[in-house]
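Here the structure is laid out as structure tokens; the discussion comes afterwards.
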Amino acid sequence: MTDQPAGSRLVALCDVAEVTEDTPAQVDHDGEVYAVFAHDGAYYVTQDLCTHGPGNLSEGYVEGCEVECPFHQGKFNFITGAPTAPPCTDALRVWAVTVQDGKICIDPAQA
Amino acid sequence: MTSRPMMPGVVVIGAGQAGGRAIEALRGHGFQGPITLIGSEPHLPYERPALSKEMLLDTASETIAWVRPADWYAAENVRLLLGATATSIDRDARAVSLNNGTVVFYDTLILATGASPRALPVPGGDHPRCHTIRTLEDSRSLRTHFVPGARIVVVGAGFIGLEAAAAATSHGCAVTVLEAGSRVMARGVPPRISSLYAALHRSHGVELHFGVGITAITGPENAPVVECADGTSIPADAIVVGIGVVPEDGLAVACGLAVDGGIVVDEHGRTTDPAIYAAGDVTRHYNPLFGLSLRLESWQNAQNQAIAIARNIAGQNIVYAEVPWFWSDQYGVNMQITGLPTPGATTIERGDIDGFNGLLLEMTGNRLVCAIGLNATRDLRFAKQIISLGVDVDPAKLADPGVKLADLLRELKSR
Ligand SMILES: Cc1cc2nc3c(=O)[nH]c(=O)nc-3n(C[C@H](O)[C@H](O)[C@H](O)COP(=O)(O)OP(=O)(O)OC[C@H]3O[C@@H](n4cnc5c(N)ncnc54)[C@H](O)[C@@H]3O)c2cc1C
Ligand code: FES
């Protein structure tokens with residue numbers, strides 16, 4: 001990635017076309033699993049694993065900017081990562097998204 | 001007897017999942033008065049599902065979901081009386097007596113005493129190698145027997161027994177499951193799913209026997225033998241007893257609250273005494289969605305009924321009316337059940353049930369009443385919402401994997 005500004009190491013997770021508001025995407029990159037969400041024309045990336053247990057948030061049910069975990073229906077705001085419904089109490093890690101050439105990119109080091 | 005403080009606040013009996021969630025929600029919804037939590041176990045509230053799953057699968061570590069960490073209770077000023085059992089309730093004095101002599105007064109009392117495993121009702125049923133699974137200690141002591149070659153006999157082919165059987169096989173144990181009835185998980189799933197799971201267990205080497213009566217547990221302390229009605233004797237290293245639970249409603253019976261196989265509560269979680277609420281496994285509650293009284297033994301009910309009553313105590317007016325939901329994990333297959341299993345319902349299959357990847361849907365007429373998902377979490381979520389809408393739905397669309405349930409739900413909602 002020679003054309004990146006120094007200090008930033010953007011990696012492409014997926015095409016914007018792979019994510020809809022109803023259906024988030026799951027992306028495995030370099031040992032980390034991410035969930036990618038679409039909302040109001042923007043994209044958001046969180047860790048895929050729920051902070052409560054084994055649920056994958058990319059399999060979750062999306063309503064507005066909240067994702068409901070498919071395991072116990074805990075909820076998170078996927079923009080901030082904050083838990084919004086029990087049993088979830090710990091926040092998700094979130095990454096700032098840059099869209100480049102139709103690809104959703106993040107800097108994995110900047111959670 | 002100590003004298004009654006000015007404002008004794010809320011007292012919770014039972015520091016399990018429901019008790020813990022009730023307290024979390026009381027504080028979360030603005031209740032600032034005193035809160036006292038009384039619990040027989042020495043532990044802070046935790047969730048039990050992992051006791052027959054993660055704890056038995058990975059015997060080298062402890063995966064426990066605590067409702068809240070210890071510092072939370074301190075920060076939220078919750079008085080903890082753990083390792084203490086409530087022995088009686090005086091409704092006139094609004095006071096609870098504990099086995100250590102303490103008396104605790106309340107303005108509002110929450111009964112969250114849960115349920116206890118049924119012991120094997122035969123001679124020797126209290127053999128030291130007979131294990132039930134309800135507490136952290138139960139799970140810790142059972143798993144010491146999950147070593148290669150150990151002979152594990154599971155009595156009762158319900159969810160907990162089967163989860164234990166699945167975990168035991170993963171450690172190379174020789175597992176035998178003995179069931180009195182004619183199929184597995186008979187209380188929770190239709191025969192189609194029972195036969196699929198029976199085959200799944202057998203394919204992992206489990207010996208599964210139906211119609212087995214047990215007459216006694218014999219043998220010395222470290223070598224129990226299961227004696228069956230047909231004369232067979234099965235030697236074991238450990239016996240897992242999973243034959244159901246009984247609600248811990250003794251305190252409620254003794255103080256004269258209405259009890260009917262569980263403490264009777266209305267849709268607000270109130271008992272027949274307006275100062276006393278109850279939540280979780282110990283309750284029989286009225287569910288207005290179905291017009292039925294239900295006693296559920298589920299994680300969802302323990303959490304959400306507790307939250308509803310806490311909000312009512314905090315001054316809101318919340319009706320607890322949810323479509324029941326339950327799950328079980330066996331051999332990496334995640335099964336989720338939502339709705340009320342309805343004997344005699346017609347069934348529809350969506351996806352590949354035999355391949356453990358799809359939904360089995362139960363219909364009465366054109367109403368979806370129950371859905372069982374095998375590794376199908378997303379679809380199950382939509383099915384749950386379709387059930388709660390309570391409207392007619394085209395069975396052909398439900399069965400067609402080309403029709404997204406998200407779209408179908410949207411269509412039903414906009415009608
Ligand atoms: C092994 C296992 C696996 C499970 N797996 C699943 C699953 O996969 N999915 C699912 O939906 N559900 C599952 N469940 C069910 C779920 O865990 C229960 O429904 C839930 O724990 C009920 O919560 P509760 O707070 O009502 O009761 P409990 O969690 O039982 O808590 C009651 C507490 O009250 C205490 N107590 C009782 N009497 C007194 C007294 N007189 N004084 C003081 N304290 C008292 C008890 O010691 C206990 O700590 C499982 C349960 C078990 C045991
Ligand atoms: S695993 Fe996500 S809510 Fe429990």
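By convention here, the chains of the structure tokens are called A, B, ... in the order presented, each chain's residues are numbered starting at 1, and ligands are numbered starting at 1 in the order presented.
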| request: Find the residues near ligand 1. Use a cut-off of 7 Å, count only C-alpha atoms and all ligand atoms, and write them as a ChimeraX atom specification. | output: /B:13-19,38-41,47-52,84-87,112-116,133-135,160,248,251,279-282,297-302,325-329
Grab the residues selected above and save them as a PDB file, in the first residue's frame with C-alpha atoms.
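Okay, this is what ended up in again.pdb:
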```
ATOM      1  CA  ILE B  13     -34.378 -13.599  47.474  1.00  0.00           C
ATOM      2  CA  GLY B  14     -32.302 -15.665  45.060  1.00  0.00           C
ATOM      3  CA  ALA B  15     -28.998 -14.450  43.589  1.00  0.00           C
ATOM      4  CA  GLY B  16     -29.369 -16.230  40.267  1.00  0.00           C
ATOM      5  CA  GLN B  17     -29.876 -14.852  36.777  1.00  0.00           C
ATOM      6  CA  ALA B  18     -33.327 -13.375  37.483  1.00  0.00           C
ATOM      7  CA  GLY B  19     -32.284 -11.847  40.802  1.00  0.00           C
ATOM      8  CA  ILE B  38     -30.007 -12.717  49.523  1.00  0.00           C
ATOM      9  CA  GLY B  39     -28.534 -15.839  47.913  1.00  0.00           C
ATOM     10  CA  SER B  40     -27.812 -19.383  49.078  1.00  0.00           C
ATOM     11  CA  GLU B  41     -24.890 -19.802  46.745  1.00  0.00           C
ATOM     12  CA  GLU B  47     -25.875 -17.425  33.940  1.00  0.00           C
ATOM     13  CA  ARG B  48     -26.195 -21.205  34.019  1.00  0.00           C
ATOM     14  CA  PRO B  49     -26.250 -22.333  30.348  1.00  0.00           C
ATOM     15  CA  ALA B  50     -22.463 -22.669  30.146  1.00  0.00           C
ATOM     16  CA  LEU B  51     -22.546 -25.198  33.020  1.00  0.00           C
ATOM     17  CA  SER B  52     -23.612 -27.974  30.636  1.00  0.00           C
ATOM     18  CA  ALA B  84     -27.392 -17.177  53.287  1.00  0.00           C
ATOM     19  CA  THR B  85     -30.747 -18.852  52.780  1.00  0.00           C
ATOM     20  CA  ALA B  86     -34.116 -17.243  53.420  1.00  0.00           C
ATOM     21  CA  THR B  87     -36.163 -19.553  55.614  1.00  0.00           C
ATOM     22  CA  ALA B 112     -36.228 -15.211  42.324  1.00  0.00           C
ATOM     23  CA  THR B 113     -35.484 -18.566  43.892  1.00  0.00           C
ATOM     24  CA  GLY B 114     -35.366 -20.507  40.608  1.00  0.00           C
ATOM     25  CA  ALA B 115     -35.679 -24.269  40.490  1.00  0.00           C
ATOM     26  CA  SER B 116     -33.746 -27.265  41.774  1.00  0.00           C
ATOM     27  CA  ILE B 133     -26.115 -29.860  37.002  1.00  0.00           C
ATOM     28  CA  ARG B 134     -27.402 -26.603  38.422  1.00  0.00           C
ATOM     29  CA  THR B 135     -24.511 -24.790  40.090  1.00  0.00           C
ATOM     30  CA  ILE B 160     -29.099 -30.758  29.832  1.00  0.00           C
ATOM     31  CA  GLU B 248     -38.290 -23.493  44.559  1.00  0.00           C
ATOM     32  CA  LEU B 251     -41.252 -19.996  50.855  1.00  0.00           C
ATOM     33  CA  ALA B 279     -39.485 -13.747  38.314  1.00  0.00           C
ATOM     34  CA  GLY B 280     -37.672 -16.564  36.545  1.00  0.00           C
ATOM     35  CA  ASP B 281     -37.935 -20.347  36.749  1.00  0.00           C
ATOM     36  CA  VAL B 282     -39.951 -20.205  39.976  1.00  0.00           C
ATOM     37  CA  GLU B 297     -37.271 -22.754  32.424  1.00  0.00           C
ATOM     38  CA  SER B 298     -35.296 -20.510  30.183  1.00  0.00           C
ATOM     39  CA  TRP B 299     -32.549 -17.963  30.090  1.00  0.00           C
ATOM     40  CA  GLN B 300     -34.768 -15.493  28.221  1.00  0.00           C
ATOM     41  CA  ASN B 301     -37.573 -15.706  30.764  1.00  0.00           C
ATOM     42  CA  ALA B 302     -35.162 -15.328  33.691  1.00  0.00           C
ATOM     43  CA  TRP B 325     -37.222 -18.575  23.145  1.00  0.00           C
ATOM     44  CA  PHE B 326     -34.722 -21.263  24.115  1.00  0.00           C
ATOM     45  CA  TRP B 327     -31.533 -22.701  22.747  1.00  0.00           C
ATOM     46  CA  SER B 328     -29.298 -25.742  23.079  1.00  0.00           C
ATOM     47  CA  ASP B 329     -25.820 -26.469  21.747  1.00  0.00           C
TER      48      ASP B 329
END
```
| field | Interface residues on chain A facing chain B, 12 Å, only C-alpha atoms, written as a PyMOL selection string | value | chain A and resi 21-24+51-63+67-74+84-90
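DSSP on the backbone gives strand (DSSP E or B) for these parts of range 200-240 of chain B: Glu207, Leu208, His209, Ile214, Thr215, Ala216, Ile217, Thr218, Val225, Val226, Glu227, Cys228, Ser233, Ile234, Pro235, Ala238, Ile239 and Val240 of chain B.
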Deliver the residues from the most recent selection as a file, using C-alpha atoms, as a compact mmCIF listing (two decimals), in the first residue's frame.
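Saved to again.txt:
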```txt
# COMPACT_ATOMS: atom_id res chain seq x y z
CA GLU B 207 -25.47 -45.63 23.31
CA LEU B 208 -29.03 -44.42 23.47
CA HIS B 209 -31.77 -46.55 25.06
CA ILE B 214 -34.25 -47.41 36.64
CA THR B 215 -34.81 -49.30 39.86
CA ALA B 216 -31.72 -48.51 41.93
CA ILE B 217 -28.18 -47.21 42.00
CA THR B 218 -25.91 -49.69 43.72
CA VAL B 225 -23.95 -49.35 39.03
CA VAL B 226 -27.22 -48.38 37.39
CA GLU B 227 -29.82 -51.12 37.88
CA CYS B 228 -32.52 -51.18 35.19
CA SER B 233 -26.80 -53.58 35.32
CA ILE B 234 -24.69 -50.78 33.89
CA PRO B 235 -21.44 -49.96 35.69
CA ALA B 238 -20.18 -41.10 36.91
CA ILE B 239 -23.93 -40.74 36.47
CA VAL B 240 -25.51 -37.54 35.16
```
| 10 Å contact set for Arg93 in chain A, only C-alpha atoms, chain neighbours under 5 positions out, as a PyMOL selection string | chain A and resi 34+45-49+51+78+80-82+110-111
For the residues in that selection, give me N, CA and C atoms as a PDB file, in the first residue's frame.
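What landed in result-v2.pdb:
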```
ATOM      1  N   TYR A  34     -14.327  -9.344  11.584  1.00  0.00           N
ATOM      2  CA  TYR A  34     -15.044  -8.075  11.644  1.00  0.00           C
ATOM      3  C   TYR A  34     -16.483  -8.247  11.183  1.00  0.00           C
ATOM      4  N   VAL A  45     -17.739  -0.559  11.010  1.00  0.00           N
ATOM      5  CA  VAL A  45     -17.076  -1.839  11.269  1.00  0.00           C
ATOM      6  C   VAL A  45     -16.903  -2.028  12.772  1.00  0.00           C
ATOM      7  N   THR A  46     -17.308  -3.227  13.251  1.00  0.00           N
ATOM      8  CA  THR A  46     -17.101  -3.597  14.657  1.00  0.00           C
ATOM      9  C   THR A  46     -16.445  -4.970  14.698  1.00  0.00           C
ATOM     10  N   GLN A  47     -16.032  -5.371  15.888  1.00  0.00           N
ATOM     11  CA  GLN A  47     -15.619  -6.773  16.047  1.00  0.00           C
ATOM     12  C   GLN A  47     -16.857  -7.625  15.804  1.00  0.00           C
ATOM     13  N   ASP A  48     -16.670  -8.836  15.244  1.00  0.00           N
ATOM     14  CA  ASP A  48     -17.838  -9.668  14.949  1.00  0.00           C
ATOM     15  C   ASP A  48     -18.342 -10.414  16.178  1.00  0.00           C
ATOM     16  N   LEU A  49     -17.425 -10.758  17.081  1.00  0.00           N
ATOM     17  CA  LEU A  49     -17.819 -11.573  18.236  1.00  0.00           C
ATOM     18  C   LEU A  49     -18.462 -10.696  19.304  1.00  0.00           C
ATOM     19  N   THR A  51     -19.594  -9.354  22.876  1.00  0.00           N
ATOM     20  CA  THR A  51     -18.804  -9.312  24.114  1.00  0.00           C
ATOM     21  C   THR A  51     -19.440 -10.154  25.227  1.00  0.00           C
ATOM     22  N   PHE A  78     -23.871   0.045  16.617  1.00  0.00           N
ATOM     23  CA  PHE A  78     -22.668  -0.346  15.866  1.00  0.00           C
ATOM     24  C   PHE A  78     -21.854   0.861  15.401  1.00  0.00           C
ATOM     25  N   THR A  80     -21.044   3.442  17.683  1.00  0.00           N
ATOM     26  CA  THR A  80     -20.160   3.742  18.821  1.00  0.00           C
ATOM     27  C   THR A  80     -19.603   2.469  19.475  1.00  0.00           C
ATOM     28  N   GLY A  81     -20.271   1.333  19.242  1.00  0.00           N
ATOM     29  CA  GLY A  81     -19.885   0.083  19.902  1.00  0.00           C
ATOM     30  C   GLY A  81     -20.525  -0.092  21.267  1.00  0.00           C
ATOM     31  N   ALA A  82     -21.267   0.903  21.743  1.00  0.00           N
ATOM     32  CA  ALA A  82     -21.818   0.842  23.099  1.00  0.00           C
ATOM     33  C   ALA A  82     -22.921  -0.212  23.214  1.00  0.00           C
ATOM     34  N   GLN A 110      -6.175   0.846  14.419  1.00  0.00           N
ATOM     35  CA  GLN A 110      -6.879   1.983  15.029  1.00  0.00           C
ATOM     36  C   GLN A 110      -8.273   1.592  15.509  1.00  0.00           C
ATOM     37  N   ALA A 111      -8.361   0.707  16.482  1.00  0.00           N
ATOM     38  CA  ALA A 111      -9.671   0.312  17.002  1.00  0.00           C
ATOM     39  C   ALA A 111     -10.206   1.390  17.940  1.00  0.00           C
TER      40      ALA A 111
END
```
| Interatomic distance, CA of Ile193 in chain B to CA of Ile372 in chain B (Å, one decimal) | 8.7 Å
| message | Report as number ranges by chain all protein, DNA and RNA residues lying within 10 Å of Ile104 in chain A, evaluated on only C-alpha atoms, omitting residues in the same chain fewer than 3 positions from it. | response | A: 10-19, 36, 43-45, 97-101
| field | Test item: residues at most 8 Å from Ala223 in chain B, only C-alpha atoms, excluding those fewer than 5 positions along its chain, as a PyMOL selection string | value | chain B and resi 129+235-237
| Nearby residues (only C-alpha atoms) at most 12 Å from Met185 in chain B, same-chain spacing under 3 positions excluded, as a PyMOL selection string | chain B and resi 156-163+179-182+188-198+210+242-244+328+335+337+341
Output N, CA and C atoms of each residue in that selection to a file, as a CSV table (one decimal), in the first residue's frame.
```
chain,number,residue,atom,x,y,z
B,156,GLY,N,-31.9,-39.6,31.5
B,156,GLY,CA,-32.8,-38.5,31.0
B,156,GLY,C,-32.2,-37.9,29.8
B,157,ALA,N,-33.0,-38.0,28.7
B,157,ALA,CA,-32.5,-37.4,27.4
B,157,ALA,C,-33.2,-36.1,27.1
B,158,GLY,N,-33.1,-35.2,28.1
B,158,GLY,CA,-33.5,-33.8,27.9
B,158,GLY,C,-32.4,-33.0,27.5
B,159,PHE,N,-32.6,-31.7,27.4
B,159,PHE,CA,-31.5,-30.8,26.9
B,159,PHE,C,-30.2,-30.9,27.7
B,160,ILE,N,-30.3,-30.8,29.0
B,160,ILE,CA,-29.1,-30.8,29.8
B,160,ILE,C,-28.4,-32.1,29.8
B,161,GLY,N,-29.1,-33.2,29.9
B,161,GLY,CA,-28.5,-34.5,29.8
B,161,GLY,C,-27.8,-34.7,28.5
B,162,LEU,N,-28.4,-34.3,27.4
B,162,LEU,CA,-27.8,-34.5,26.1
B,162,LEU,C,-26.6,-33.6,25.8
B,163,GLU,N,-26.7,-32.4,26.4
B,163,GLU,CA,-25.5,-31.5,26.3
B,163,GLU,C,-24.3,-32.1,27.0
B,179,GLU,N,-33.3,-43.3,28.7
B,179,GLU,CA,-34.4,-42.4,28.7
B,179,GLU,C,-35.7,-43.3,29.0
B,180,ALA,N,-36.5,-42.8,29.9
B,180,ALA,CA,-37.8,-43.5,30.2
B,180,ALA,C,-38.8,-43.4,29.0
B,181,GLY,N,-38.8,-42.3,28.3
B,181,GLY,CA,-39.8,-42.2,27.3
B,181,GLY,C,-39.3,-42.8,26.0
B,182,SER,N,-39.9,-42.3,24.9
B,182,SER,CA,-39.6,-43.0,23.6
B,182,SER,C,-38.8,-42.1,22.6
B,188,GLY,N,-39.7,-30.6,24.4
B,188,GLY,CA,-39.4,-29.4,23.7
B,188,GLY,C,-39.4,-29.4,22.2
B,189,VAL,N,-39.3,-30.5,21.6
B,189,VAL,CA,-39.2,-30.5,20.1
B,189,VAL,C,-40.1,-31.6,19.6
B,190,PRO,N,-40.6,-31.5,18.3
B,190,PRO,CA,-41.4,-32.5,17.6
B,190,PRO,C,-40.5,-33.7,17.3
B,191,PRO,N,-41.2,-34.9,17.0
B,191,PRO,CA,-40.5,-36.1,16.7
B,191,PRO,C,-39.4,-36.0,15.6
B,192,ARG,N,-39.7,-35.2,14.6
B,192,ARG,CA,-38.7,-35.1,13.5
B,192,ARG,C,-37.4,-34.7,14.0
B,193,ILE,N,-37.4,-33.7,14.9
B,193,ILE,CA,-36.1,-33.2,15.5
B,193,ILE,C,-35.5,-34.2,16.5
B,194,SER,N,-36.4,-34.9,17.2
B,194,SER,CA,-35.9,-35.9,18.1
B,194,SER,C,-35.2,-37.0,17.4
B,195,SER,N,-35.7,-37.5,16.3
B,195,SER,CA,-35.0,-38.6,15.6
B,195,SER,C,-33.7,-38.1,15.0
B,196,LEU,N,-33.7,-36.8,14.5
B,196,LEU,CA,-32.4,-36.3,14.0
B,196,LEU,C,-31.3,-36.2,15.1
B,197,TYR,N,-31.7,-35.8,16.3
B,197,TYR,CA,-30.8,-35.7,17.4
B,197,TYR,C,-30.4,-37.1,17.9
B,198,ALA,N,-31.3,-38.0,17.9
B,198,ALA,CA,-30.9,-39.4,18.4
B,198,ALA,C,-29.8,-39.9,17.4
B,210,PHE,N,-34.2,-46.3,24.9
B,210,PHE,CA,-35.5,-45.7,25.3
B,210,PHE,C,-36.3,-46.7,26.1
B,242,GLY,N,-30.4,-36.0,34.7
B,242,GLY,CA,-31.1,-34.8,34.1
B,242,GLY,C,-32.6,-35.2,33.8
B,243,ILE,N,-33.3,-35.2,34.9
B,243,ILE,CA,-34.7,-35.6,34.8
B,243,ILE,C,-35.7,-34.5,35.2
B,244,GLY,N,-35.2,-33.2,35.0
B,244,GLY,CA,-36.1,-32.1,35.2
B,244,GLY,C,-35.8,-31.4,36.5
B,328,SER,N,-30.1,-24.7,22.6
B,328,SER,CA,-29.3,-25.7,23.1
B,328,SER,C,-28.2,-25.9,22.1
B,335,MET,N,-29.2,-25.1,18.2
B,335,MET,CA,-30.6,-25.2,18.0
B,335,MET,C,-31.3,-24.1,18.8
B,337,ILE,N,-35.2,-22.5,19.6
B,337,ILE,CA,-36.7,-22.8,19.6
B,337,ILE,C,-37.4,-21.6,20.0
B,341,PRO,N,-44.2,-25.0,21.2
B,341,PRO,CA,-44.3,-26.3,20.5
B,341,PRO,C,-45.8,-26.8,20.6
```
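Between CA of Phe290 in chain B and CA of Leu389 in chain B the separation is 11.7 Å.
As for CA of Lys75 in chain A and CA of Pro324 in chain B, they are spaced 18.3 Å apart.
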| query | Could you pull out the helix (DSSP H, G or I) residues of range 86-228 of chain B from DSSP and send them as a PyMOL selection string? | reply | chain B and resi 136-143+159-170+191-203
| field | Residues within 8 Å of Gly269 in chain B, only C-alpha atoms, excluding chain neighbours under 6 positions, as number ranges by chain | value | B: 277-279, 285, 305, 308-309, 320
Take the selection from the previous step and output its residues with all heavy atoms, as a tab-separated table (two decimals), in the first residue's frame.
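Contents of the output file out-v7.tsv:
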```tsv
chain	number	residue	atom	x	y	z
B	277	TYR	N	-43.23	-9.52	44.29
B	277	TYR	CA	-43.12	-9.88	42.87
B	277	TYR	C	-42.31	-11.17	42.77
B	277	TYR	O	-41.59	-11.53	43.70
B	277	TYR	CB	-42.38	-8.79	42.10
B	277	TYR	CG	-43.14	-7.51	41.93
B	277	TYR	CD1	-43.31	-6.62	42.99
B	277	TYR	CD2	-43.69	-7.15	40.69
B	277	TYR	CE1	-44.00	-5.42	42.83
B	277	TYR	CE2	-44.37	-5.96	40.52
B	277	TYR	CZ	-44.52	-5.10	41.59
B	277	TYR	OH	-45.19	-3.93	41.42
B	278	ALA	N	-42.40	-11.83	41.62
B	278	ALA	CA	-41.54	-13.00	41.41
B	278	ALA	C	-41.15	-13.06	39.95
B	278	ALA	O	-41.87	-12.56	39.07
B	278	ALA	CB	-42.27	-14.28	41.83
B	279	ALA	N	-39.98	-13.64	39.69
B	279	ALA	CA	-39.48	-13.75	38.31
B	279	ALA	C	-38.63	-14.99	38.14
B	279	ALA	O	-38.05	-15.50	39.10
B	279	ALA	CB	-38.66	-12.50	37.96
B	285	HIS	N	-46.45	-17.70	34.98
B	285	HIS	CA	-46.93	-16.35	34.68
B	285	HIS	C	-47.97	-16.37	33.56
B	285	HIS	O	-47.97	-17.25	32.70
B	285	HIS	CB	-45.76	-15.44	34.30
B	285	HIS	CG	-45.16	-15.74	32.95
B	285	HIS	ND1	-44.23	-16.73	32.76
B	285	HIS	CD2	-45.37	-15.19	31.73
B	285	HIS	CE1	-43.88	-16.76	31.48
B	285	HIS	NE2	-44.56	-15.85	30.82
B	305	GLN	N	-38.29	-11.35	32.24
B	305	GLN	CA	-39.35	-11.19	33.24
B	305	GLN	C	-38.81	-10.37	34.42
B	305	GLN	O	-39.50	-9.51	34.96
B	305	GLN	CB	-39.83	-12.57	33.72
B	305	GLN	CG	-41.11	-12.48	34.53
B	305	GLN	CD	-41.57	-13.85	35.00
B	305	GLN	OE1	-40.76	-14.76	35.20
B	305	GLN	NE2	-42.87	-14.00	35.18
B	308	ALA	N	-38.78	-6.75	33.48
B	308	ALA	CA	-40.13	-6.19	33.47
B	308	ALA	C	-40.60	-5.87	34.90
B	308	ALA	O	-41.12	-4.78	35.15
B	308	ALA	CB	-41.10	-7.15	32.79
B	309	ILE	N	-40.37	-6.79	35.84
B	309	ILE	CA	-40.86	-6.50	37.20
B	309	ILE	C	-40.05	-5.36	37.84
B	309	ILE	O	-40.59	-4.55	38.56
B	309	ILE	CB	-40.88	-7.74	38.12
B	309	ILE	CG1	-39.48	-8.25	38.40
B	309	ILE	CG2	-41.77	-8.84	37.58
B	309	ILE	CD1	-39.43	-9.15	39.61
B	320	TYR	N	-45.32	-7.99	30.74
B	320	TYR	CA	-44.35	-8.95	30.24
B	320	TYR	C	-45.07	-9.91	29.30
B	320	TYR	O	-45.86	-10.74	29.74
B	320	TYR	CB	-43.69	-9.70	31.41
B	320	TYR	CG	-42.75	-10.80	30.97
B	320	TYR	CD1	-41.64	-10.51	30.18
B	320	TYR	CD2	-42.99	-12.13	31.34
B	320	TYR	CE1	-40.78	-11.53	29.77
B	320	TYR	CE2	-42.12	-13.13	30.94
B	320	TYR	CZ	-41.02	-12.83	30.16
B	320	TYR	OH	-40.18	-13.82	29.74
```
